[in-house]
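Report on the following structure.
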Amino acid sequence: MAVKMSNVWTIKSIFLVIVIAIMALGGLQLFKHRHYMMPIVAGPGVAKVVKLSDYSRGLKGTMADTNVFFLEGKEEGGKMLIMANTHANEPSALLAALIFIENAEVEKGTLIIIPQFNQSASRNTRPGDGYPLYFEIPTEWGAKKIRMGNRDASPLDQWPDPDVYIHYPERQLLSFIDVRNTNRTWPGRANGPLMERVTHGAIEIMKQEKVDIAVDLHGAETMFPVTNCIVAPDKSVRIATMASLTVKAREGFDSHVEPSPSGFRGLSHREIGDHSDTLPFLLEAPIPFLDQPTGPKTVKLLLDGKDPFLLSLSRKGKLFVPYDETGWPMEKRVGQHCSVVLELLKQYSRKSPQREIEVRNVPRYAEVVKNGVGHYYHDPKKADKDKVYLN
Amino acid sequence: MPLVMIFYYAICVFIGAMLVWNFIREKKSLNDMLLYLLVLIPLVLRVLRIK
């Protein structure tokens, strides 16, 4: 399209204003999302909060550094590490971890909780899939606003990606994108790519603090076979089976046991077991939001898990979880995580009474479903300032 | 920041500057003017470390 010489600068100016407006509107939202800090109110069990960079120096001063909450018991005992938001687009993990941090009282042993394990991914998003930047959990004191992240770390923090990610130390060839996926970079190394330094930090916590069990909380698509389950390697499978059977019998929900494949490297449930004395478990709760054949990726879908396309697929027997008009609400997913973690604690304590871990005041599945997730969060405005941590 | 990232940002600035220069020089085609600016968006957002 040609233009008259006399009008050139007028048209250029109009174009420039439009493009700057588009850039500012889009960019400002992304900038705010990346820098939004979510307050976490440390509950009665929290004895100290440190940084992951205290265990992996290469994280110091980077966006991947993250808070590590220590909930210490009145008596000595075993130690459990809980990691959430390994994949920051699976928020039931984070919500369950927050319930533990804000409410748990530890009688025996220690709980170590990393609520935003992949901190960089929690500040990333997936605009191509129309991901919401935030979601809100209703509470008695208002809405708790939480960043919706992405599966992988932000390329602003770790880039460029290789053509193929060569796993350390097994040298298995993985997808290029997995170099930013903290469930492929285990066991990590001190001077590796940023996400390897994150997993290295967690391995160092396990070694230095002599952690007995580690739980990595996740969510998985309803069309993916490894969903609604506990993934465990051979060394953890007995405890996982007992926990699975107990929650099924006593609480009425399914969380079956999946074996950790020995030939697929980089996953937490594989590498933690192979590179430390800690018993690893990975929990998956269904998350319809992540399924591909759904309607728009809205906050509503994220929270209630109701989707007509998945319902239709369910009737055709294509899903790996029971699914009806009630969807798969967040309360069920978070409740499952809480119950399974508590049950793993209980089963481990039975097996190793000298390393018992006893935790009180954390709701189980039925309570979370009945009261809602927000019931367990505290108002940061009313909490003591020294109890509020920004994450 | 690793050296390769510094190179990457330098390349972004260079290509961005070329696009701005071409936008300024373009006198005839409206399509090209608009395209120069649209292509510039991700480069600017990256250099500003926004996306």
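FYI, nothing fancy with the structure tokens labels: chains A, B, ... in order, residues from 1 per chain, ligands from 1 as they appear.
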Mind listing as JSON, numbers by chain which residues of chain B are within 8 Å of chain A, counting only C-alpha atoms?
{"B": [4, 5, 27, 28, 29, 30, 31, 33, 34, 37, 38, 41, 45, 46, 49, 50, 51]}
Write out as a PyMOL selection string the residues lying within 10 Å of A:Tyr389, counting only C-alpha atoms and excluding same-chain residues fewer than 5 positions away.
chain A and resi 37-42+49+67+69+380
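Using only C-alpha atoms, the residues found no farther than 8 Å from A:Ile137, other than those of its own chain fewer than 4 positions away, are A:Ala143, A:Lys144, A:Lys145, A:Ile146, A:Val373, A:Gly374.
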Nearby residues (only C-alpha atoms) at most 8 Å from A:Leu282, same-chain spacing under 6 positions excluded, as a VMD selection string
chain A and resid 215 to 218 230 to 232 268 to 269
Mind dumping the selected residues with N, CA and C atoms as a tab-separated table (two decimals), in the first residue's frame?
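File written: out-v9.tsv
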chain	number	residue	atom	x	y	z
A	215	VAL	N	8.40	-35.34	49.46
A	215	VAL	CA	7.16	-35.42	48.67
A	215	VAL	C	7.13	-34.26	47.69
A	216	ASP	N	6.94	-34.60	46.43
A	216	ASP	CA	6.88	-33.61	45.36
A	216	ASP	C	5.43	-33.57	44.88
A	217	LEU	N	4.76	-32.43	45.10
A	217	LEU	CA	3.32	-32.34	44.80
A	217	LEU	C	3.09	-31.82	43.38
A	218	HIS	N	2.18	-32.49	42.69
A	218	HIS	CA	1.90	-32.15	41.28
A	218	HIS	C	0.42	-32.24	40.97
A	230	ILE	N	0.21	-41.93	43.45
A	230	ILE	CA	1.48	-41.71	44.14
A	230	ILE	C	2.54	-42.42	43.30
A	231	VAL	N	3.50	-41.69	42.79
A	231	VAL	CA	4.59	-42.34	42.03
A	231	VAL	C	5.73	-42.60	43.01
A	232	ALA	N	6.18	-43.84	43.03
A	232	ALA	CA	7.21	-44.21	44.02
A	232	ALA	C	8.18	-45.23	43.42
A	268	SER	N	11.99	-36.38	39.99
A	268	SER	CA	12.27	-36.36	41.43
A	268	SER	C	12.13	-37.75	42.05
A	269	HIS	N	11.06	-38.47	41.68
A	269	HIS	CA	10.82	-39.78	42.31
A	269	HIS	C	11.88	-40.81	41.93
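The closest residue to A:Lys351, picked from A:Lys381, A:Arg238, A:His375, A:Lys297 and counting only C-alpha atoms, is A:Arg238.
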Pick out the residues sitting within 8 Å of A:Asp254, and hand them over as a PyMOL selection string; count only C-alpha atoms, and ignore anything fewer than 2 positions along from it in its own chain.
chain A and resi 228-229+244+247-248+252+256
Correct to one decimal, the distance atom CA of A:Met330-atom CA of A:Leu279 is 27.4 Å
